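So this one's entry_7.cif, mmCIF, C-alpha atoms:
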```cif
data_my_file
#
loop_
_atom_site.label_atom_id
_atom_site.label_comp_id
_atom_site.auth_asym_id
_atom_site.auth_seq_id
_atom_site.Cartn_x
_atom_site.Cartn_y
_atom_site.Cartn_z
CA MET A 8 -99.47 48.91 17.58
CA ARG A 9 -98.51 47.19 20.82
CA VAL A 10 -96.35 44.07 21.03
CA GLU A 11 -96.42 42.28 24.39
CA ILE A 12 -93.65 39.80 25.13
CA TRP A 13 -94.04 37.25 27.91
CA SER A 14 -90.60 36.04 28.99
CA ASP A 15 -88.33 35.08 31.88
CA ILE A 16 -84.78 36.22 32.61
CA ALA A 17 -83.82 32.56 33.16
CA CYS A 18 -84.99 31.56 29.66
CA PRO A 19 -82.20 31.36 27.06
CA TRP A 20 -84.68 31.27 24.17
CA CYS A 21 -86.21 34.50 25.46
CA TYR A 22 -82.74 36.07 25.23
CA VAL A 23 -82.33 34.82 21.66
CA GLY A 24 -85.95 35.52 20.70
CA LYS A 25 -85.73 39.13 21.81
CA ALA A 26 -82.78 39.66 19.46
CA ARG A 27 -84.59 38.00 16.55
CA PHE A 28 -87.73 40.05 17.13
CA GLU A 29 -85.71 43.27 17.34
CA LYS A 30 -84.02 42.43 14.04
CA ALA A 31 -87.46 42.17 12.43
CA LEU A 32 -88.70 45.30 14.16
CA ALA A 33 -85.69 47.32 12.99
CA ALA A 34 -86.60 46.50 9.37
CA PHE A 35 -90.33 47.13 9.86
CA PRO A 36 -91.46 50.29 8.00
CA HIS A 37 -93.81 51.29 10.84
CA ARG A 38 -91.40 50.53 13.68
CA ASP A 39 -91.81 54.02 15.17
CA GLY A 40 -95.47 53.21 15.71
CA VAL A 41 -94.82 49.99 17.64
CA GLU A 42 -94.84 49.94 21.44
CA VAL A 43 -93.08 46.98 23.04
CA VAL A 44 -94.16 45.87 26.53
CA HIS A 45 -92.45 43.08 28.46
CA ARG A 46 -94.70 40.82 30.53
CA SER A 47 -93.83 38.48 33.39
CA PHE A 48 -93.62 34.69 33.15
CA GLU A 49 -91.68 32.67 35.73
CA LEU A 50 -90.43 29.31 34.53
CA ASP A 51 -90.33 28.14 38.15
CA PRO A 52 -92.66 30.28 40.31
CA THR A 53 -92.21 27.91 43.27
CA ARG A 54 -88.46 28.49 43.45
CA ALA A 55 -87.39 30.07 46.74
CA LYS A 56 -85.38 33.28 46.70
CA GLY A 57 -81.76 32.45 47.37
CA ASP A 58 -82.08 28.92 45.97
CA THR A 59 -79.37 28.95 43.33
CA GLY A 60 -77.34 26.36 41.51
CA LEU A 61 -75.17 25.80 38.46
CA VAL A 62 -76.90 25.21 35.13
CA ILE A 63 -74.97 22.12 34.00
CA PRO A 64 -75.75 20.03 37.13
CA MET A 65 -79.36 21.20 36.98
CA LEU A 66 -79.70 19.97 33.39
CA MET A 67 -78.14 16.64 34.32
CA GLN A 68 -80.48 16.13 37.27
CA LYS A 69 -83.69 17.43 35.70
CA TYR A 70 -83.41 15.70 32.33
CA GLY A 71 -81.23 12.71 33.14
CA MET A 72 -78.52 14.03 30.83
CA THR A 73 -74.91 13.04 31.01
CA GLU A 74 -72.51 15.88 31.68
CA GLU A 75 -71.38 15.67 28.06
CA GLN A 76 -74.97 15.99 26.80
CA ALA A 77 -75.65 18.98 29.06
CA ARG A 78 -72.50 20.75 27.93
CA GLU A 79 -73.31 20.03 24.28
CA GLY A 80 -76.79 21.53 24.72
CA GLU A 81 -75.30 24.68 26.21
CA ARG A 82 -72.76 24.83 23.40
CA ARG A 83 -75.55 24.72 20.81
CA LEU A 84 -77.47 27.41 22.65
CA GLY A 85 -74.30 29.48 22.55
CA GLU A 86 -74.11 29.01 18.80
CA ASN A 87 -77.70 30.18 18.38
CA ALA A 88 -76.97 33.23 20.53
CA ALA A 89 -73.78 34.01 18.62
CA ALA A 90 -75.70 33.90 15.35
CA GLU A 91 -77.75 36.83 16.67
CA GLY A 92 -74.66 38.73 17.83
CA LEU A 93 -75.15 37.78 21.49
CA ALA A 94 -72.53 36.68 23.97
CA TYR A 95 -73.35 33.47 25.87
CA LEU A 96 -71.42 31.73 28.63
CA THR A 97 -71.62 27.98 28.11
CA GLU A 98 -69.73 27.24 31.33
CA GLY A 99 -70.27 28.33 34.92
CA ARG A 100 -73.70 29.99 34.66
CA ASP A 101 -76.10 29.69 37.57
CA HIS A 102 -79.89 29.88 37.85
CA GLY A 103 -82.40 30.92 40.51
CA ASN A 104 -85.62 32.74 41.39
CA THR A 105 -86.57 35.62 39.07
CA PHE A 106 -89.63 37.04 40.86
CA ASP A 107 -87.87 40.15 42.21
CA MET A 108 -86.48 40.92 38.77
CA HIS A 109 -89.97 40.72 37.31
CA ARG A 110 -91.26 43.07 40.03
CA LEU A 111 -88.46 45.50 39.21
CA LEU A 112 -89.27 45.33 35.49
CA HIS A 113 -92.79 46.57 36.27
CA PHE A 114 -91.29 49.49 38.17
CA ALA A 115 -88.94 50.14 35.25
CA LYS A 116 -91.92 50.22 32.88
CA GLU A 117 -93.43 53.07 34.90
CA GLN A 118 -90.13 54.91 34.53
CA GLY A 119 -89.88 54.28 30.79
CA ARG A 120 -86.76 52.10 31.23
CA GLN A 121 -88.17 48.60 30.96
CA ASP A 122 -86.56 47.56 27.69
CA GLU A 123 -83.18 48.87 28.85
CA LEU A 124 -83.39 46.91 32.09
CA ILE A 125 -84.50 43.60 30.62
CA GLY A 126 -81.71 43.77 28.06
CA LEU A 127 -79.14 44.33 30.81
CA LEU A 128 -80.57 41.51 32.94
CA TYR A 129 -80.35 39.12 29.98
CA ARG A 130 -76.78 40.17 29.26
CA ALA A 131 -75.76 39.77 32.89
CA ASN A 132 -77.41 36.36 33.26
CA PHE A 133 -76.25 34.79 30.02
CA ALA A 134 -73.01 36.57 29.16
CA GLU A 135 -71.35 37.62 32.42
CA GLU A 136 -69.75 35.56 35.17
CA ARG A 137 -71.14 37.56 38.10
CA SER A 138 -74.48 36.14 39.25
CA VAL A 139 -77.76 38.08 39.29
CA PHE A 140 -79.26 35.55 41.71
CA THR A 141 -77.00 35.83 44.78
CA GLY A 142 -78.29 38.95 46.52
CA ASP A 143 -79.63 42.24 45.21
CA ALA A 144 -76.38 44.16 44.69
CA ARG A 145 -75.82 43.17 41.06
CA VAL A 146 -79.47 43.75 40.13
CA VAL A 147 -79.32 47.25 41.68
CA GLU A 148 -76.20 48.03 39.66
CA LEU A 149 -77.89 46.93 36.46
CA ALA A 150 -81.00 48.97 37.25
CA VAL A 151 -78.88 52.07 37.76
CA GLU A 152 -77.11 51.34 34.45
CA ALA A 153 -80.59 51.22 32.87
CA GLY A 154 -81.28 54.74 34.17
CA LEU A 155 -83.18 54.04 37.40
CA ASP A 156 -82.60 55.60 40.81
CA ALA A 157 -80.69 53.30 43.16
CA ASP A 158 -82.67 54.23 46.28
CA GLU A 159 -86.00 53.71 44.51
CA VAL A 160 -84.81 50.37 43.16
CA ARG A 161 -83.76 49.20 46.63
CA ALA A 162 -87.13 50.30 48.02
CA VAL A 163 -88.90 48.10 45.46
CA LEU A 164 -86.67 45.12 46.16
CA ASP A 165 -87.02 45.54 49.93
CA ASP A 166 -90.83 45.49 49.74
CA PRO A 167 -91.96 41.97 48.75
CA ASP A 168 -95.44 43.26 47.90
CA ALA A 169 -94.28 45.98 45.50
CA TYR A 170 -95.52 45.08 41.99
CA ALA A 171 -96.15 41.48 43.08
CA ASP A 172 -99.79 41.72 41.96
CA ALA A 173 -98.65 43.01 38.55
CA VAL A 174 -96.38 40.01 38.07
CA ARG A 175 -99.13 37.56 39.04
CA ALA A 176 -101.61 39.35 36.77
CA ASP A 177 -99.24 38.95 33.81
CA GLU A 178 -98.86 35.26 34.56
CA ARG A 179 -102.61 34.72 34.81
CA GLU A 180 -103.11 36.53 31.53
CA ALA A 181 -100.47 34.38 29.85
CA ALA A 182 -102.41 31.30 30.92
CA GLU A 183 -105.66 32.78 29.64
CA LEU A 184 -104.02 33.43 26.27
CA GLY A 185 -102.83 29.85 26.10
CA ALA A 186 -99.12 30.49 26.67
CA ASN A 187 -97.51 27.50 28.35
CA GLY A 188 -93.96 28.47 27.46
CA VAL A 189 -91.86 31.49 26.62
CA PRO A 190 -91.02 33.61 24.77
CA PHE A 191 -94.60 34.36 23.75
CA PHE A 192 -95.33 37.42 21.61
CA VAL A 193 -98.77 38.99 21.25
CA LEU A 194 -99.17 41.62 18.53
CA ASP A 195 -101.90 44.17 19.14
CA ARG A 196 -104.04 41.41 20.64
CA LYS A 197 -104.52 40.07 17.11
CA TYR A 198 -101.76 37.53 16.59
CA GLY A 199 -99.65 35.30 18.79
CA VAL A 200 -96.17 34.02 18.04
CA SER A 201 -94.68 31.40 20.34
CA GLY A 202 -91.01 30.59 20.66
CA ALA A 203 -87.79 32.15 19.39
CA GLN A 204 -88.92 32.12 15.76
CA PRO A 205 -86.65 33.32 12.93
CA ALA A 206 -86.72 37.06 12.24
CA GLU A 207 -88.65 36.36 9.04
CA VAL A 208 -91.60 34.98 11.03
CA PHE A 209 -91.66 38.08 13.21
CA SER A 210 -91.54 40.26 10.10
CA GLN A 211 -94.57 38.45 8.68
CA ALA A 212 -96.42 38.82 11.98
CA LEU A 213 -95.72 42.55 12.16
CA GLU A 214 -96.95 43.06 8.62
CA GLN A 215 -100.14 41.05 9.19
CA ALA A 216 -100.95 42.62 12.54
CA TRP A 217 -100.48 46.19 11.33
CA GLY A 218 -103.91 47.70 10.84
CA GLU A 219 -105.80 44.41 11.17
CA ARG A 220 -108.53 43.58 13.68
CA SER A 221 -109.18 39.91 14.40
CA PRO A 222 -109.07 37.41 17.27
CA LEU A 223 -105.68 36.17 18.44
CA THR A 224 -104.35 33.77 15.82
CA SER A 225 -101.20 31.68 16.19
CA LEU A 226 -98.54 32.35 13.57
CA ALA A 227 -96.11 29.82 15.04
CA GLN A 228 -94.76 27.19 12.73
CA ALA A 229 -96.50 23.83 12.90
CA ASP A 230 -93.78 22.28 15.03
CA GLY A 231 -93.36 25.40 17.18
CA GLY A 232 -90.30 27.54 17.77
CA ASP A 233 -87.66 26.83 20.38
CA ALA A 234 -88.93 27.89 23.78
CA CYS A 235 -88.70 27.32 27.52
CA GLY A 236 -91.54 25.97 29.62
CA PRO A 237 -92.13 24.68 33.15
CA ASP A 238 -90.46 21.40 32.16
CA GLY A 239 -87.35 23.11 30.80
CA CYS A 240 -85.85 24.55 27.63
CA ALA A 241 -85.58 23.04 24.18
CA VAL A 242 -82.06 21.93 23.28
CA PRO A 243 -80.83 22.93 19.80
CA GLN A 244 -80.23 20.01 17.51
CA ALA A 245 -77.09 19.61 15.47
#
```

Using structure tokens, write down the structure from this file.
Amino acid sequence: MRVEIWSDIACPWCYVGKARFEKALAAFPHRDGVEVVHRSFELDPTRAKGDTGLVIPMLMQKYGMTEEQAREGERRLGENAAAEGLAYLTEGRDHGNTFDMHRLLHFAKEQGRQDELIGLLYRANFAEERSVFTGDARVVELAVEAGLDADEVRAVLDDPDAYADAVRADEREAAELGANGVPFFVLDRKYGVSGAQPAEVFSQALEQAWGERSPLTSLAQADGGDACGPDGCAVPQA
């Protein structure tokens, strides 16, 4: 069975959702028969490379939040991450264009190192002070840590056309499937789960999708799981 996950490195709920899905997958009796593929989805595809900024001011400007409200939202996100055993910096994080990272993830898939790389990119973006958006050096280091060759990684990053079509194809397919936010999980092209649902929802989806053949059916809760979309990310409520 194949599970495809549309996500973006800049999406905190994708970071949390990956951990919740993996918790469900670890307990799934047929986990050795499940292939996980990460698909591209940019929250801001119009963002220029090199255009970076701090998260707190961005939240204040984009949503009209006070600084206190923005910091409280980040604190709650940190609590959700911590509940899944994830580190999360609530102060000082930046944000920027993720297109090159998506291109590199397609290269990593060909090398059998995609899951390793996306996990390291999430960790670096949400839990480490050094930015992944200011130049390629940090991304190259992470790719090498994931098991990729540094020279091959630089060659991909230096060629703006490398894997660009693959990224755009993923994004078109997400739209065709009705995904307008991430994370978005598609199980064997039978079931769709949107948002960072609890592990129990992913467990149910895995059980239902295993061995079944039917059109894509949403298993999201009626009010939807927490997710990020073009207009921003849901803020955890107290």

If you count all atoms listed in the file, which residues fall within 8 Å of region 191-193 of chain A, apart from same-chain ones fewer than 2 positions away, as a count of residues only? 17

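If you measure from each of A:Ala33, A:Val44, A:Leu66, A:Leu213 to Glu117 (chain A) using all atoms listed in the file, the closest one turns out to be A:Val44.
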
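Between CA of Arg175 (chain A) and CA of Asn104 (chain A) the separation is 14.5 Å.
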
Mind checking which residues fall within 12 Å of Asp168 (chain A), counting only C-alpha atoms, ignoring those fewer than 6 positions away in the same chain, and posting them as a PyMOL selection string? chain A and resi 106-107+110-111+162+174-175

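Residues selected in this file by the PyMOL selection byres ((chain A and resi 233) around 9) comprise A:Trp20, A:Gly24, A:Val189, A:Pro190, A:Ser201, A:Gly202, A:Ala203, A:Gln204, A:Gly231, A:Gly232, A:Ala234, A:Cys235, A:Cys240, A:Ala241, A:Val242, A:Pro243.
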
If you apply the PyMOL selection byres ((chain A and resi 161) around 10) to this file, what residues do you get, as a list in words?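 After applying the PyMOL selection byres ((chain A and resi 161) around 10), what remains is Leu111, Asp143, Ala144, Val146, Val147, Ala150, Asp156, Ala157, Asp158, Glu159, Val160, Ala162, Val163, Leu164, Asp165 and Asp166 of chain A.
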
Contacts of region 83-95 of chain A within 6 Å, all atoms listed in the file, excl. fewer than 4 positions in-chain, as a count of residues only: 4

For Leu128 (chain A), which of A:Glu49, A:Glu152, A:Glu79, A:Glu29 is the closest residue, counting all atoms listed in the file?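 Comparing A:Glu49, A:Glu152, A:Glu79, A:Glu29 against Leu128 (chain A), the winner is A:Glu152.
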
Please list as a PyMOL selection string every residue within 10 Å of Pro64 (chain A), counting all atoms listed in the file and excluding residues in the same chain fewer than 5 positions away. chain A and resi 69+71-74+77-78+101

Which of these, A:Met108, A:Cys18, A:Ala216, A:Ala31, has the shortest distance to Val139 (chain A) once you count only C-alpha atoms?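 Of A:Met108, A:Cys18, A:Ala216, A:Ala31, the one nearest Val139 (chain A) is A:Met108, counting only C-alpha atoms.
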
Atom pair CA of Met8 (chain A) / CA of Val43 (chain A): separation (Å):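 Distance between the two atoms: 8.6 Å.
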
For Ala181 (chain A), which residue out of A:Arg9, A:Arg54, A:Lys30, A:Arg46 is the nearest one, using all atoms listed in the file?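 Closest to Ala181 (chain A), using all atoms listed in the file: A:Arg46.
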
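Applied to the file shown here, the PyMOL selection byres ((chain A and resi 208) around 9) selects the residues Phe28, Ala31, Val200, Gln204, Pro205, Ala206, Glu207, Phe209, Ser210, Gln211, Ala212, Leu213, Leu226, Ala227 and Gln228 of chain A.
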
When you draw a straight line from CA of Pro52 (chain A) to CA of Leu112 (chain A), how long is it in Å?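 We find that CA of Pro52 (chain A) and CA of Leu112 (chain A) lie 16.2 Å from each other.
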
Of the residues A:Asp39, A:Leu127, A:Tyr170, A:Gly103, which is the one nearest to Val151 (chain A), using all atoms listed in the file?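 Between A:Asp39, A:Leu127, A:Tyr170, A:Gly103, the residue approaching Val151 (chain A) most closely is A:Leu127.
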
Report the centre and edge lengths, in Å to one decimal, of an axis-aligned box enclosing every atom of region 27-36 of chain A listed in the file, padded by 8 Å on each side, as AutoDock Vina command-line options.
```
--center_x -87.7 --center_y 44.1 --center_z 12.7 --size_x 23.4 --size_y 28.3 --size_z 25.3
```

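Restricting the calculation to only C-alpha atoms, the smallest distance between Arg137 (chain A) and any of A:Ala115, A:Ala153, A:Glu183, A:Arg100 is found for A:Arg100.
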
At a cut-off of 8 Å, using all atoms listed in the file, what residues contact Pro237 (chain A)? Leave out same-chain residues fewer than 4 positions from it and give the result as a VMD selection string. chain A and resid 50 to 51 187 to 188

Output the selection as a PDB file, keeping the file's coordinate frame - C-alpha atoms for each residue.
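Result file follows (out_4.pdb):
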```
ATOM      1  CA  LEU A  50     -90.430  29.310  34.530  1.00  0.00           C
ATOM      2  CA  ASP A  51     -90.330  28.140  38.150  1.00  0.00           C
ATOM      3  CA  ASN A 187     -97.510  27.500  28.350  1.00  0.00           C
ATOM      4  CA  GLY A 188     -93.960  28.470  27.460  1.00  0.00           C
TER       5      GLY A 188
END
```

Where atoms are lacking, region 205-216 of chain A completed to all heavy atoms, as an mmCIF file, in the coordinates of the input:
```
data_model
loop_
_atom_site.group_PDB
_atom_site.id
_atom_site.type_symbol
_atom_site.label_atom_id
_atom_site.label_comp_id
_atom_site.auth_asym_id
_atom_site.auth_seq_id
_atom_site.Cartn_x
_atom_site.Cartn_y
_atom_site.Cartn_z
ATOM 1 N N PRO A 205 -87.561 32.527 13.762
ATOM 2 C CA PRO A 205 -86.650 33.320 12.930
ATOM 3 C C PRO A 205 -87.199 34.738 12.725
ATOM 4 O O PRO A 205 -88.409 34.970 12.803
ATOM 5 C CB PRO A 205 -86.618 32.554 11.604
ATOM 6 C CG PRO A 205 -87.053 31.166 11.951
ATOM 7 C CD PRO A 205 -88.034 31.314 13.073
ATOM 8 N N ALA A 206 -86.312 35.662 12.441
ATOM 9 C CA ALA A 206 -86.720 37.060 12.240
ATOM 10 C C ALA A 206 -87.769 37.175 11.137
ATOM 11 O O ALA A 206 -88.655 38.031 11.208
ATOM 12 C CB ALA A 206 -85.496 37.909 11.905
ATOM 13 N N GLU A 207 -87.698 36.285 10.141
ATOM 14 C CA GLU A 207 -88.650 36.360 9.040
ATOM 15 C C GLU A 207 -90.084 36.110 9.507
ATOM 16 O O GLU A 207 -91.042 36.701 8.983
ATOM 17 C CB GLU A 207 -88.280 35.330 7.966
ATOM 18 C CG GLU A 207 -86.969 35.619 7.232
ATOM 19 C CD GLU A 207 -85.739 35.232 8.048
ATOM 20 O OE1 GLU A 207 -85.908 34.573 9.108
ATOM 21 O OE2 GLU A 207 -84.621 35.589 7.638
ATOM 22 N N VAL A 208 -90.261 35.235 10.501
ATOM 23 C CA VAL A 208 -91.600 34.980 11.030
ATOM 24 C C VAL A 208 -92.122 36.206 11.767
ATOM 25 O O VAL A 208 -93.291 36.582 11.633
ATOM 26 C CB VAL A 208 -91.582 33.747 11.970
ATOM 27 C CG1 VAL A 208 -92.938 33.559 12.653
ATOM 28 C CG2 VAL A 208 -91.202 32.496 11.181
ATOM 29 N N PHE A 209 -91.254 36.857 12.530
ATOM 30 C CA PHE A 209 -91.660 38.080 13.210
ATOM 31 C C PHE A 209 -91.998 39.184 12.210
ATOM 32 O O PHE A 209 -92.938 39.960 12.412
ATOM 33 C CB PHE A 209 -90.578 38.548 14.169
ATOM 34 C CG PHE A 209 -90.412 37.665 15.372
ATOM 35 C CD1 PHE A 209 -89.202 37.042 15.626
ATOM 36 C CD2 PHE A 209 -91.462 37.444 16.245
ATOM 37 C CE1 PHE A 209 -89.041 36.228 16.731
ATOM 38 C CE2 PHE A 209 -91.323 36.626 17.352
ATOM 39 C CZ PHE A 209 -90.097 36.011 17.606
ATOM 40 N N SER A 210 -91.249 39.256 11.128
ATOM 41 C CA SER A 210 -91.540 40.260 10.100
ATOM 42 C C SER A 210 -92.926 40.034 9.510
ATOM 43 O O SER A 210 -93.707 40.973 9.325
ATOM 44 C CB SER A 210 -90.484 40.191 8.988
ATOM 45 O OG SER A 210 -89.218 40.580 9.471
ATOM 46 N N GLN A 211 -93.245 38.778 9.225
ATOM 47 C CA GLN A 211 -94.570 38.450 8.680
ATOM 48 C C GLN A 211 -95.658 38.818 9.686
ATOM 49 O O GLN A 211 -96.701 39.372 9.317
ATOM 50 C CB GLN A 211 -94.643 36.956 8.368
ATOM 51 C CG GLN A 211 -96.015 36.516 7.862
ATOM 52 C CD GLN A 211 -96.139 35.008 7.789
ATOM 53 O OE1 GLN A 211 -95.256 34.276 8.221
ATOM 54 N NE2 GLN A 211 -97.255 34.532 7.254
ATOM 55 N N ALA A 212 -95.426 38.517 10.954
ATOM 56 C CA ALA A 212 -96.420 38.820 11.980
ATOM 57 C C ALA A 212 -96.654 40.319 12.102
ATOM 58 O O ALA A 212 -97.792 40.778 12.233
ATOM 59 C CB ALA A 212 -95.985 38.229 13.319
ATOM 60 N N LEU A 213 -95.589 41.098 12.070
ATOM 61 C CA LEU A 213 -95.720 42.550 12.160
ATOM 62 C C LEU A 213 -96.523 43.091 10.988
ATOM 63 O O LEU A 213 -97.406 43.950 11.153
ATOM 64 C CB LEU A 213 -94.330 43.198 12.209
ATOM 65 C CG LEU A 213 -93.559 43.033 13.524
ATOM 66 C CD1 LEU A 213 -92.087 43.414 13.323
ATOM 67 C CD2 LEU A 213 -94.170 43.885 14.627
ATOM 68 N N GLU A 214 -96.229 42.594 9.808
ATOM 69 C CA GLU A 214 -96.950 43.060 8.620
ATOM 70 C C GLU A 214 -98.431 42.709 8.701
ATOM 71 O O GLU A 214 -99.305 43.525 8.377
ATOM 72 C CB GLU A 214 -96.326 42.436 7.360
ATOM 73 C CG GLU A 214 -94.930 42.937 7.019
ATOM 74 C CD GLU A 214 -94.909 44.378 6.527
ATOM 75 O OE1 GLU A 214 -96.000 44.936 6.242
ATOM 76 O OE2 GLU A 214 -93.816 44.947 6.429
ATOM 77 N N GLN A 215 -98.741 41.482 9.134
ATOM 78 C CA GLN A 215 -100.140 41.050 9.190
ATOM 79 C C GLN A 215 -100.912 41.774 10.276
ATOM 80 O O GLN A 215 -102.095 42.101 10.112
ATOM 81 C CB GLN A 215 -100.201 39.537 9.408
ATOM 82 C CG GLN A 215 -99.831 38.725 8.176
ATOM 83 C CD GLN A 215 -100.097 37.252 8.363
ATOM 84 O OE1 GLN A 215 -99.218 36.422 8.207
ATOM 85 N NE2 GLN A 215 -101.319 36.914 8.692
ATOM 86 N N ALA A 216 -100.250 42.008 11.407
ATOM 87 C CA ALA A 216 -100.950 42.620 12.540
ATOM 88 C C ALA A 216 -101.201 44.113 12.327
ATOM 89 O O ALA A 216 -102.162 44.671 12.868
ATOM 90 C CB ALA A 216 -100.141 42.423 13.823
#
```
